[in-house]
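Pasting data.cif here (mmCIF, N, CA and C atoms):
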```
data_final
#
loop_
_atom_site.label_atom_id
_atom_site.label_comp_id
_atom_site.auth_asym_id
_atom_site.auth_seq_id
_atom_site.Cartn_x
_atom_site.Cartn_y
_atom_site.Cartn_z
N MET A 1465 -5.20 -23.86 33.58
CA MET A 1465 -6.31 -23.02 33.99
C MET A 1465 -5.84 -22.15 35.14
N THR A 1466 -6.28 -20.93 35.15
CA THR A 1466 -5.88 -20.02 36.22
C THR A 1466 -6.98 -19.97 37.26
N GLY A 1467 -6.59 -19.58 38.47
CA GLY A 1467 -7.56 -19.44 39.54
C GLY A 1467 -8.53 -18.32 39.29
N GLY A 1468 -8.21 -17.41 38.35
CA GLY A 1468 -9.07 -16.29 38.05
C GLY A 1468 -10.45 -16.68 37.56
N LEU A 1469 -10.59 -17.86 37.00
CA LEU A 1469 -11.90 -18.30 36.53
C LEU A 1469 -12.87 -18.48 37.70
N HIS A 1470 -12.33 -18.87 38.85
CA HIS A 1470 -13.20 -19.10 40.01
C HIS A 1470 -13.95 -17.84 40.42
N ASP A 1471 -13.37 -16.69 40.13
CA ASP A 1471 -13.96 -15.42 40.53
C ASP A 1471 -14.84 -14.79 39.46
N ARG A 1472 -14.88 -15.39 38.28
CA ARG A 1472 -15.65 -14.80 37.19
C ARG A 1472 -17.15 -14.91 37.46
N SER A 1473 -17.85 -13.85 37.12
CA SER A 1473 -19.30 -13.80 37.30
C SER A 1473 -19.99 -14.52 36.14
N LEU A 1474 -21.11 -15.12 36.44
CA LEU A 1474 -21.89 -15.79 35.41
C LEU A 1474 -22.86 -14.84 34.71
N THR A 1475 -22.78 -13.56 35.02
CA THR A 1475 -23.68 -12.60 34.40
C THR A 1475 -23.31 -12.30 32.95
N SER A 1476 -22.10 -12.64 32.56
CA SER A 1476 -21.68 -12.46 31.17
C SER A 1476 -22.15 -13.65 30.36
N ASP A 1477 -23.00 -13.40 29.37
CA ASP A 1477 -23.50 -14.50 28.53
C ASP A 1477 -22.36 -15.24 27.84
N ALA A 1478 -21.36 -14.50 27.38
CA ALA A 1478 -20.25 -15.14 26.68
C ALA A 1478 -19.49 -16.08 27.62
N PHE A 1479 -19.25 -15.66 28.85
CA PHE A 1479 -18.54 -16.53 29.79
C PHE A 1479 -19.41 -17.71 30.17
N TYR A 1480 -20.70 -17.49 30.38
CA TYR A 1480 -21.60 -18.59 30.74
C TYR A 1480 -21.65 -19.62 29.61
N GLU A 1481 -21.74 -19.15 28.37
CA GLU A 1481 -21.71 -20.09 27.24
C GLU A 1481 -20.42 -20.90 27.26
N TRP A 1482 -19.29 -20.21 27.47
CA TRP A 1482 -18.01 -20.92 27.50
C TRP A 1482 -17.97 -21.91 28.65
N LEU A 1483 -18.49 -21.52 29.81
CA LEU A 1483 -18.47 -22.40 30.98
C LEU A 1483 -19.25 -23.69 30.71
N LEU A 1484 -20.25 -23.61 29.85
CA LEU A 1484 -21.04 -24.79 29.49
C LEU A 1484 -20.44 -25.54 28.30
N SER A 1485 -19.28 -25.11 27.86
CA SER A 1485 -18.66 -25.71 26.68
C SER A 1485 -17.95 -27.01 27.03
N ASP A 1486 -17.45 -27.66 25.99
CA ASP A 1486 -16.69 -28.89 26.15
C ASP A 1486 -15.18 -28.63 26.29
N HIS A 1487 -14.79 -27.37 26.46
CA HIS A 1487 -13.39 -27.02 26.68
C HIS A 1487 -12.94 -27.69 27.98
N PRO A 1488 -11.75 -28.30 28.00
CA PRO A 1488 -11.30 -28.97 29.24
C PRO A 1488 -11.23 -28.04 30.45
N ASP A 1489 -10.82 -26.78 30.25
CA ASP A 1489 -10.78 -25.86 31.37
C ASP A 1489 -12.19 -25.49 31.85
N ALA A 1490 -13.15 -25.47 30.95
CA ALA A 1490 -14.54 -25.21 31.35
C ALA A 1490 -15.04 -26.37 32.21
N ARG A 1491 -14.71 -27.58 31.81
CA ARG A 1491 -15.11 -28.76 32.59
C ARG A 1491 -14.49 -28.69 33.99
N ALA A 1492 -13.20 -28.36 34.05
CA ALA A 1492 -12.52 -28.27 35.34
C ALA A 1492 -13.14 -27.18 36.21
N GLU A 1493 -13.49 -26.05 35.60
CA GLU A 1493 -14.12 -24.96 36.35
C GLU A 1493 -15.51 -25.36 36.83
N ARG A 1494 -16.28 -26.05 35.99
CA ARG A 1494 -17.60 -26.54 36.43
C ARG A 1494 -17.45 -27.48 37.61
N ASP A 1495 -16.48 -28.40 37.50
CA ASP A 1495 -16.25 -29.35 38.59
C ASP A 1495 -15.93 -28.61 39.89
N TRP A 1496 -15.06 -27.59 39.79
CA TRP A 1496 -14.69 -26.83 40.99
C TRP A 1496 -15.90 -26.10 41.56
N ARG A 1497 -16.68 -25.45 40.69
CA ARG A 1497 -17.86 -24.70 41.16
C ARG A 1497 -18.91 -25.62 41.76
N ARG A 1498 -19.09 -26.77 41.14
CA ARG A 1498 -20.08 -27.72 41.66
C ARG A 1498 -19.64 -28.25 43.01
N ALA A 1499 -18.35 -28.56 43.16
CA ALA A 1499 -17.84 -29.05 44.45
C ALA A 1499 -17.96 -27.98 45.53
N ALA A 1500 -17.63 -26.74 45.18
CA ALA A 1500 -17.73 -25.65 46.15
C ALA A 1500 -19.18 -25.42 46.57
N THR A 1501 -20.09 -25.47 45.61
CA THR A 1501 -21.52 -25.31 45.92
C THR A 1501 -22.02 -26.45 46.79
N HIS A 1502 -21.62 -27.67 46.45
CA HIS A 1502 -22.02 -28.84 47.23
C HIS A 1502 -21.53 -28.71 48.67
N GLN A 1503 -20.29 -28.32 48.83
CA GLN A 1503 -19.72 -28.17 50.17
C GLN A 1503 -20.46 -27.09 50.95
N ALA A 1504 -20.74 -25.96 50.32
CA ALA A 1504 -21.45 -24.88 51.00
C ALA A 1504 -22.87 -25.30 51.37
N ASP A 1505 -23.57 -25.93 50.42
CA ASP A 1505 -24.96 -26.34 50.67
C ASP A 1505 -25.06 -27.40 51.76
N THR A 1506 -24.20 -28.40 51.71
CA THR A 1506 -24.26 -29.44 52.74
C THR A 1506 -23.79 -28.91 54.09
N GLY A 1507 -22.84 -27.98 54.07
CA GLY A 1507 -22.39 -27.37 55.33
C GLY A 1507 -23.49 -26.58 56.00
N ARG A 1508 -24.23 -25.79 55.20
CA ARG A 1508 -25.35 -25.02 55.77
C ARG A 1508 -26.43 -25.96 56.31
N ALA A 1509 -26.74 -27.00 55.54
CA ALA A 1509 -27.77 -27.94 55.99
C ALA A 1509 -27.34 -28.63 57.28
N ALA A 1510 -26.08 -29.00 57.38
CA ALA A 1510 -25.59 -29.66 58.60
C ALA A 1510 -25.64 -28.71 59.79
N ALA A 1511 -25.32 -27.43 59.56
CA ALA A 1511 -25.37 -26.46 60.66
C ALA A 1511 -26.80 -26.27 61.15
N VAL A 1512 -27.75 -26.21 60.23
CA VAL A 1512 -29.16 -26.06 60.63
C VAL A 1512 -29.64 -27.31 61.34
N ARG A 1513 -29.27 -28.49 60.82
CA ARG A 1513 -29.67 -29.74 61.47
C ARG A 1513 -29.08 -29.82 62.87
N ALA A 1514 -27.82 -29.42 63.05
CA ALA A 1514 -27.17 -29.45 64.37
C ALA A 1514 -27.90 -28.51 65.33
N TRP A 1515 -28.29 -27.33 64.83
CA TRP A 1515 -29.03 -26.39 65.68
C TRP A 1515 -30.37 -26.99 66.09
N ALA A 1516 -31.08 -27.57 65.13
CA ALA A 1516 -32.39 -28.16 65.43
C ALA A 1516 -32.24 -29.29 66.45
N ASP A 1517 -31.23 -30.12 66.27
CA ASP A 1517 -31.01 -31.22 67.24
C ASP A 1517 -30.68 -30.67 68.63
N LYS A 1518 -29.89 -29.60 68.67
CA LYS A 1518 -29.52 -28.99 69.96
C LYS A 1518 -30.77 -28.45 70.67
N ILE A 1519 -31.62 -27.77 69.92
CA ILE A 1519 -32.86 -27.23 70.51
C ILE A 1519 -33.75 -28.37 70.97
N ASN A 1520 -33.89 -29.41 70.13
CA ASN A 1520 -34.77 -30.54 70.48
C ASN A 1520 -34.25 -31.31 71.69
N ALA A 1521 -32.95 -31.23 71.96
CA ALA A 1521 -32.37 -31.93 73.11
C ALA A 1521 -32.54 -31.16 74.41
N GLN A 1522 -33.03 -29.94 74.32
CA GLN A 1522 -33.21 -29.11 75.52
C GLN A 1522 -34.68 -29.08 75.90
N PRO A 1523 -35.05 -29.83 76.94
CA PRO A 1523 -36.46 -29.87 77.32
C PRO A 1523 -37.01 -28.52 77.77
N ASP A 1524 -36.14 -27.62 78.24
CA ASP A 1524 -36.61 -26.32 78.71
C ASP A 1524 -36.50 -25.24 77.64
N ALA A 1525 -36.24 -25.62 76.39
CA ALA A 1525 -36.17 -24.63 75.31
C ALA A 1525 -37.55 -24.01 75.10
N PRO A 1526 -37.60 -22.73 74.78
CA PRO A 1526 -38.89 -22.08 74.54
C PRO A 1526 -39.67 -22.81 73.43
N GLN A 1527 -40.96 -22.82 73.56
CA GLN A 1527 -41.80 -23.54 72.59
C GLN A 1527 -41.62 -23.00 71.18
N ALA A 1528 -41.46 -21.68 71.05
CA ALA A 1528 -41.27 -21.11 69.71
C ALA A 1528 -39.99 -21.66 69.07
N ALA A 1529 -38.93 -21.80 69.85
CA ALA A 1529 -37.69 -22.36 69.32
C ALA A 1529 -37.87 -23.83 68.97
N ARG A 1530 -38.61 -24.57 69.80
CA ARG A 1530 -38.86 -25.99 69.52
C ARG A 1530 -39.70 -26.14 68.25
N ASP A 1531 -40.69 -25.26 68.08
CA ASP A 1531 -41.51 -25.31 66.86
C ASP A 1531 -40.66 -25.01 65.63
N LEU A 1532 -39.79 -24.02 65.76
CA LEU A 1532 -38.92 -23.67 64.63
C LEU A 1532 -37.96 -24.82 64.32
N ALA A 1533 -37.40 -25.42 65.35
CA ALA A 1533 -36.50 -26.55 65.15
C ALA A 1533 -37.23 -27.72 64.51
N ALA A 1534 -38.48 -27.92 64.90
CA ALA A 1534 -39.26 -29.03 64.34
C ALA A 1534 -39.50 -28.85 62.85
N SER A 1535 -39.59 -27.60 62.40
CA SER A 1535 -39.80 -27.38 60.96
C SER A 1535 -38.47 -27.27 60.21
N MET A 1536 -37.47 -26.67 60.85
CA MET A 1536 -36.19 -26.44 60.16
C MET A 1536 -35.36 -27.71 60.01
N GLY A 1537 -35.42 -28.61 60.97
CA GLY A 1537 -34.64 -29.85 60.88
C GLY A 1537 -34.96 -30.65 59.62
N PRO A 1538 -36.23 -30.94 59.39
CA PRO A 1538 -36.57 -31.67 58.16
C PRO A 1538 -36.24 -30.89 56.88
N MET A 1539 -36.37 -29.56 56.92
CA MET A 1539 -35.99 -28.76 55.75
C MET A 1539 -34.50 -28.87 55.49
N ALA A 1540 -33.71 -28.89 56.55
CA ALA A 1540 -32.26 -29.05 56.39
C ALA A 1540 -31.94 -30.41 55.78
N ASP A 1541 -32.65 -31.43 56.23
CA ASP A 1541 -32.45 -32.77 55.66
C ASP A 1541 -32.79 -32.79 54.17
N GLN A 1542 -33.88 -32.12 53.80
CA GLN A 1542 -34.27 -32.04 52.40
C GLN A 1542 -33.24 -31.26 51.58
N SER A 1543 -32.73 -30.18 52.15
CA SER A 1543 -31.70 -29.41 51.46
C SER A 1543 -30.44 -30.24 51.23
N ALA A 1544 -30.04 -31.00 52.23
CA ALA A 1544 -28.87 -31.86 52.09
C ALA A 1544 -29.10 -32.91 51.02
N ALA A 1545 -30.29 -33.48 50.99
CA ALA A 1545 -30.60 -34.50 49.97
C ALA A 1545 -30.58 -33.89 48.57
N ARG A 1546 -31.13 -32.67 48.42
CA ARG A 1546 -31.09 -32.00 47.11
C ARG A 1546 -29.66 -31.71 46.68
N ALA A 1547 -28.82 -31.29 47.63
CA ALA A 1547 -27.41 -31.01 47.32
C ALA A 1547 -26.70 -32.28 46.87
N GLU A 1548 -26.97 -33.39 47.54
CA GLU A 1548 -26.34 -34.66 47.15
C GLU A 1548 -26.81 -35.10 45.77
N ALA A 1549 -28.10 -34.98 45.51
CA ALA A 1549 -28.63 -35.39 44.20
C ALA A 1549 -28.07 -34.51 43.09
N SER A 1550 -27.99 -33.22 43.34
CA SER A 1550 -27.45 -32.30 42.33
C SER A 1550 -25.99 -32.62 42.04
N TYR A 1551 -25.22 -32.86 43.08
CA TYR A 1551 -23.80 -33.14 42.92
C TYR A 1551 -23.56 -34.49 42.22
N ALA A 1552 -24.48 -35.41 42.40
CA ALA A 1552 -24.35 -36.74 41.79
C ALA A 1552 -24.70 -36.75 40.30
N GLU A 1553 -25.37 -35.69 39.83
CA GLU A 1553 -25.75 -35.64 38.42
C GLU A 1553 -24.49 -35.65 37.56
N PRO A 1554 -24.39 -36.57 36.60
CA PRO A 1554 -23.21 -36.61 35.73
C PRO A 1554 -23.06 -35.30 34.95
N ASP A 1555 -21.81 -34.91 34.70
CA ASP A 1555 -21.54 -33.64 34.03
C ASP A 1555 -22.24 -33.54 32.68
N ASP A 1556 -22.26 -34.61 31.90
CA ASP A 1556 -22.89 -34.52 30.57
C ASP A 1556 -24.38 -34.22 30.69
N ALA A 1557 -25.05 -34.81 31.66
CA ALA A 1557 -26.48 -34.52 31.86
C ALA A 1557 -26.67 -33.11 32.41
N TYR A 1558 -25.81 -32.72 33.33
CA TYR A 1558 -25.85 -31.38 33.92
C TYR A 1558 -25.69 -30.32 32.83
N VAL A 1559 -24.68 -30.49 31.98
CA VAL A 1559 -24.41 -29.52 30.92
C VAL A 1559 -25.56 -29.49 29.91
N ALA A 1560 -26.08 -30.64 29.53
CA ALA A 1560 -27.18 -30.67 28.57
C ALA A 1560 -28.40 -29.94 29.14
N ARG A 1561 -28.67 -30.14 30.42
CA ARG A 1561 -29.81 -29.47 31.05
C ARG A 1561 -29.60 -27.96 31.10
N LEU A 1562 -28.40 -27.52 31.50
CA LEU A 1562 -28.15 -26.08 31.59
C LEU A 1562 -28.07 -25.42 30.21
N ARG A 1563 -27.57 -26.13 29.21
CA ARG A 1563 -27.57 -25.55 27.86
C ARG A 1563 -29.00 -25.34 27.38
N ALA A 1564 -29.87 -26.31 27.63
CA ALA A 1564 -31.28 -26.17 27.22
C ALA A 1564 -31.94 -25.02 27.98
N GLN A 1565 -31.66 -24.89 29.28
CA GLN A 1565 -32.23 -23.78 30.05
C GLN A 1565 -31.70 -22.44 29.54
N HIS A 1566 -30.42 -22.40 29.19
CA HIS A 1566 -29.84 -21.16 28.68
C HIS A 1566 -30.47 -20.79 27.34
N GLU A 1567 -30.65 -21.76 26.46
CA GLU A 1567 -31.30 -21.49 25.18
C GLU A 1567 -32.69 -20.89 25.41
N THR A 1568 -33.44 -21.48 26.30
CA THR A 1568 -34.79 -20.98 26.59
C THR A 1568 -34.74 -19.57 27.15
N ALA A 1569 -33.84 -19.32 28.08
CA ALA A 1569 -33.74 -17.99 28.69
C ALA A 1569 -33.39 -16.94 27.64
N VAL A 1570 -32.46 -17.25 26.75
CA VAL A 1570 -32.08 -16.29 25.71
C VAL A 1570 -33.24 -16.06 24.75
N ARG A 1571 -33.94 -17.12 24.38
CA ARG A 1571 -35.07 -16.98 23.46
C ARG A 1571 -36.18 -16.12 24.07
N VAL A 1572 -36.42 -16.31 25.34
CA VAL A 1572 -37.52 -15.61 26.01
C VAL A 1572 -37.16 -14.17 26.37
N SER A 1573 -35.96 -13.97 26.90
CA SER A 1573 -35.64 -12.63 27.41
C SER A 1573 -34.41 -12.00 26.77
N GLY A 1574 -33.90 -12.59 25.72
CA GLY A 1574 -32.73 -12.04 25.05
C GLY A 1574 -33.09 -10.86 24.17
N PRO A 1575 -32.09 -10.35 23.48
CA PRO A 1575 -32.33 -9.20 22.60
C PRO A 1575 -33.25 -9.57 21.45
N PRO A 1576 -33.83 -8.58 20.78
CA PRO A 1576 -34.69 -8.87 19.63
C PRO A 1576 -33.96 -9.75 18.63
N GLY A 1577 -34.68 -10.70 18.07
CA GLY A 1577 -34.10 -11.60 17.08
C GLY A 1577 -33.47 -12.84 17.67
N SER A 1578 -33.53 -12.99 18.99
CA SER A 1578 -32.89 -14.16 19.60
C SER A 1578 -33.88 -15.31 19.81
N TRP A 1579 -35.05 -15.23 19.21
CA TRP A 1579 -36.06 -16.27 19.39
C TRP A 1579 -35.59 -17.63 18.87
N ASP A 1580 -34.61 -17.65 17.97
CA ASP A 1580 -34.14 -18.93 17.43
C ASP A 1580 -32.71 -19.27 17.90
N TYR A 1581 -32.31 -18.69 19.02
CA TYR A 1581 -30.97 -18.93 19.56
C TYR A 1581 -30.72 -20.41 19.78
N ARG A 1582 -29.54 -20.85 19.43
CA ARG A 1582 -29.07 -22.21 19.71
C ARG A 1582 -27.70 -22.10 20.37
N TYR A 1583 -27.42 -23.02 21.27
CA TYR A 1583 -26.11 -23.02 21.90
C TYR A 1583 -25.05 -23.14 20.80
N PRO A 1584 -23.97 -22.34 20.86
CA PRO A 1584 -22.97 -22.33 19.78
C PRO A 1584 -22.32 -23.69 19.54
N ALA A 1585 -22.42 -24.19 18.33
CA ALA A 1585 -21.87 -25.50 17.98
C ALA A 1585 -20.36 -25.55 18.13
N HIS A 1586 -19.69 -24.43 17.91
CA HIS A 1586 -18.22 -24.46 18.02
C HIS A 1586 -17.73 -24.69 19.44
N LEU A 1587 -18.63 -24.58 20.42
CA LEU A 1587 -18.24 -24.82 21.81
C LEU A 1587 -18.53 -26.25 22.26
N THR A 1588 -18.94 -27.09 21.31
CA THR A 1588 -19.22 -28.48 21.65
C THR A 1588 -18.21 -29.39 20.95
N GLY A 1589 -17.98 -30.54 21.54
CA GLY A 1589 -17.07 -31.52 20.96
C GLY A 1589 -15.61 -31.15 21.17
N PRO A 1590 -14.72 -31.95 20.60
CA PRO A 1590 -13.28 -31.74 20.80
C PRO A 1590 -12.79 -30.38 20.30
N GLY A 1591 -13.44 -29.82 19.29
CA GLY A 1591 -13.02 -28.52 18.77
C GLY A 1591 -13.18 -27.38 19.75
N ALA A 1592 -13.96 -27.59 20.80
CA ALA A 1592 -14.17 -26.53 21.80
C ALA A 1592 -12.87 -26.17 22.50
N ALA A 1593 -11.91 -27.07 22.52
CA ALA A 1593 -10.63 -26.80 23.18
C ALA A 1593 -9.88 -25.65 22.52
N ALA A 1594 -10.24 -25.31 21.29
CA ALA A 1594 -9.58 -24.21 20.58
C ALA A 1594 -10.12 -22.85 21.01
N TYR A 1595 -11.16 -22.82 21.83
CA TYR A 1595 -11.80 -21.56 22.21
C TYR A 1595 -11.58 -21.29 23.70
N PRO A 1596 -10.63 -20.42 24.04
CA PRO A 1596 -10.38 -20.11 25.46
C PRO A 1596 -11.54 -19.29 26.03
N PRO A 1597 -11.53 -19.08 27.33
CA PRO A 1597 -12.61 -18.27 27.91
C PRO A 1597 -12.56 -16.86 27.34
N PRO A 1598 -13.71 -16.24 27.18
CA PRO A 1598 -13.73 -14.87 26.66
C PRO A 1598 -13.07 -13.93 27.67
N PRO A 1599 -12.55 -12.82 27.18
CA PRO A 1599 -11.94 -11.87 28.13
C PRO A 1599 -12.99 -11.32 29.08
N GLU A 1600 -12.49 -10.90 30.24
CA GLU A 1600 -13.41 -10.28 31.19
C GLU A 1600 -13.89 -8.95 30.63
N PRO A 1601 -15.16 -8.61 30.86
CA PRO A 1601 -15.65 -7.32 30.39
C PRO A 1601 -14.90 -6.19 31.09
N GLU A 1602 -14.78 -5.08 30.39
CA GLU A 1602 -14.15 -3.90 30.99
C GLU A 1602 -15.03 -3.41 32.12
N PRO A 1603 -14.41 -2.95 33.21
CA PRO A 1603 -15.23 -2.40 34.30
C PRO A 1603 -16.00 -1.18 33.80
N ALA A 1604 -17.17 -1.01 34.33
CA ALA A 1604 -18.01 0.14 33.93
C ALA A 1604 -17.27 1.42 34.28
N ALA A 1605 -17.31 2.34 33.35
CA ALA A 1605 -16.66 3.64 33.58
C ALA A 1605 -17.41 4.37 34.68
N SER A 1606 -16.67 4.90 35.63
CA SER A 1606 -17.34 5.62 36.70
C SER A 1606 -17.76 7.00 36.19
N ALA A 1607 -18.88 7.41 36.67
CA ALA A 1607 -19.39 8.74 36.25
C ALA A 1607 -18.56 9.79 36.96
N GLN A 1608 -17.84 10.55 36.18
CA GLN A 1608 -17.04 11.63 36.74
C GLN A 1608 -17.57 12.94 36.23
N GLU A 1609 -17.51 13.93 37.11
CA GLU A 1609 -17.95 15.24 36.69
C GLU A 1609 -16.89 15.85 35.79
N PRO A 1610 -17.31 16.52 34.75
CA PRO A 1610 -16.31 17.16 33.89
C PRO A 1610 -15.59 18.25 34.67
N GLU A 1611 -14.32 18.43 34.33
CA GLU A 1611 -13.55 19.49 35.01
C GLU A 1611 -14.08 20.84 34.61
N ALA A 1612 -14.07 21.74 35.58
CA ALA A 1612 -14.54 23.11 35.31
C ALA A 1612 -13.51 23.81 34.42
N GLU A 1613 -14.03 24.59 33.49
CA GLU A 1613 -13.13 25.33 32.62
C GLU A 1613 -12.57 26.52 33.36
N PRO A 1614 -11.29 26.84 33.12
CA PRO A 1614 -10.70 28.01 33.83
C PRO A 1614 -11.30 29.32 33.41
#
```

Any chance you could put this one into structure tokens?
Amino acid sequence: MTGGLHDRSLTSDAFYEWLLSDHPDARAERDWRRAATHQADTGRAAAVRAWADKINAQPDAPQAARDLAASMGPMADQSAARAEASYAEPDDAYVARLRAQHETAVRVSGPPGSWDYRYPAHLTGPGAAAYPPPPEPEPAASAQEPEAEP
């Protein structure tokens, strides 16, 4: 697997479908993305909790800051707990949930005729290893003014 997958956008339906596949590189990429998200989410929650504790430890802190700390500290704790629970979800359950959500999203807001969309069967099971990630979409052509005729 190349590091280039880490930078791929999830806005491409084809890449998102592949990322939810049973391909070993898709699993590795999901694991990396989930770990990175977990680290970022718990880091932010810890920073907010540290700020709230710092404010609460200062008896002369302005009341508005103390009120904000009183509400933000528990929210940070809740965010950290959600991050831990999300990260603890087994990959098979995580993938099944996201595949179902993707099917619903495509059925509801996809192109005409997608009301019966199903996650592609060829991307499930051991056979999924035969399907590499789709190529990256071509960058959008920039609008250039036509050259003036001589």

Handout entry: Polymer residues at most 8 Å from A:Ala1529, all atoms listed in the file, same-chain spacing of 4 or more positions, as a VMD selection string
Key = chain A and resid 1516 1519 to 1520 1525 1533 to 1535

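With the shown file loaded, the PyMOL selection byres ((chain A and resi 1539-1554) around 6) picks out A:His1502, A:Asp1505, A:Thr1506, A:Ala1509, A:Val1512, A:Arg1513, A:Ser1535, A:Met1536, A:Gly1537, A:Pro1538, A:Asp1555, A:Asp1556, A:Ala1557, A:Tyr1558, A:Val1559.
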
I'd like the box whose edges run along x, y and z of the file and which contains every listed atom of stretch 1473-1484 of chain A, padded by 4 Å per side; could you state its centre and edge lengths in Å, one decimal, as JSON?
```
{"center_x": -20.8, "center_y": -18.9, "center_z": 32.0, "size_x": 13.8, "size_y": 21.2, "size_z": 18.6}
```

Exercise for the section: Figure out the distance between atom C of A:His1487 and atom N of A:Leu1474, please, to one decimal in Å. Expected result: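 Computing the Euclidean distance for atom N of A:Leu1474 and atom C of A:His1487 yields 17.2 Å.
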
Handout entry: Residues of chain A in alpha helix (DSSP H), written as an MDAnalysis selection string
Key = chainID A and resid 1477:1483 1488:1520 1527:1552 1555:1573

Exercise for the section: Find the distance between atom N of A:Pro1596 and atom CA of A:His1470 and write it in Å to one decimal. Expected result: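 Those two atoms sit 16.2 Å apart.
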
Problem - Between atom N of A:Arg1491 and atom N of A:Arg1571 - distance in Å to one decimal - result: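 Atom-to-atom, atom N of A:Arg1571 and atom N of A:Arg1491 are spaced 23.1 Å apart.
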
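Counting all atoms listed in the file and comparing A:Ser1573, A:His1566, A:Asp1524, A:Asp1486, the residue that lies closest to A:Pro1590 is A:Asp1486.
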
Assuming the input is short of atoms at stretch 1530-1536 of chain A, produce all heavy atoms for that part as a short mmCIF file (atom, residue, chain, number, x, y, z; two decimals), keeping the file's coordinate frame.
```cif
data_model
loop_
_atom_site.label_atom_id
_atom_site.label_comp_id
_atom_site.auth_asym_id
_atom_site.auth_seq_id
_atom_site.Cartn_x
_atom_site.Cartn_y
_atom_site.Cartn_z
N ARG A 1530 -38.61 -24.57 69.80
CA ARG A 1530 -38.86 -25.99 69.52
C ARG A 1530 -39.70 -26.14 68.25
O ARG A 1530 -39.44 -27.03 67.44
CB ARG A 1530 -39.55 -26.65 70.72
CG ARG A 1530 -38.65 -26.67 71.96
CD ARG A 1530 -39.36 -27.24 73.18
NE ARG A 1530 -39.63 -28.66 73.08
CZ ARG A 1530 -38.70 -29.63 73.16
NH1 ARG A 1530 -37.45 -29.30 73.33
NH2 ARG A 1530 -39.04 -30.89 73.08
N ASP A 1531 -40.69 -25.26 68.08
CA ASP A 1531 -41.51 -25.31 66.86
C ASP A 1531 -40.66 -25.01 65.63
O ASP A 1531 -40.79 -25.68 64.59
CB ASP A 1531 -42.67 -24.31 66.94
CG ASP A 1531 -43.71 -24.70 67.97
OD1 ASP A 1531 -43.72 -25.87 68.43
OD2 ASP A 1531 -44.52 -23.82 68.34
N LEU A 1532 -39.79 -24.02 65.76
CA LEU A 1532 -38.92 -23.67 64.63
C LEU A 1532 -37.96 -24.82 64.32
O LEU A 1532 -37.77 -25.18 63.16
CB LEU A 1532 -38.14 -22.39 64.95
CG LEU A 1532 -37.26 -21.85 63.83
CD1 LEU A 1532 -38.08 -21.52 62.58
CD2 LEU A 1532 -36.51 -20.60 64.31
N ALA A 1533 -37.40 -25.42 65.35
CA ALA A 1533 -36.50 -26.55 65.15
C ALA A 1533 -37.23 -27.72 64.51
O ALA A 1533 -36.67 -28.42 63.66
CB ALA A 1533 -35.86 -26.97 66.47
N ALA A 1534 -38.48 -27.92 64.90
CA ALA A 1534 -39.26 -29.03 64.34
C ALA A 1534 -39.50 -28.85 62.85
O ALA A 1534 -39.60 -29.84 62.11
CB ALA A 1534 -40.58 -29.17 65.09
N SER A 1535 -39.59 -27.60 62.40
CA SER A 1535 -39.80 -27.38 60.96
C SER A 1535 -38.47 -27.27 60.21
O SER A 1535 -38.35 -27.73 59.08
CB SER A 1535 -40.67 -26.14 60.72
OG SER A 1535 -40.00 -24.97 61.15
N MET A 1536 -37.47 -26.67 60.85
CA MET A 1536 -36.19 -26.44 60.16
C MET A 1536 -35.36 -27.71 60.01
O MET A 1536 -34.64 -27.86 59.02
CB MET A 1536 -35.38 -25.37 60.91
CG MET A 1536 -36.00 -23.99 60.87
SD MET A 1536 -36.25 -23.33 59.21
CE MET A 1536 -34.58 -23.16 58.66
#
```
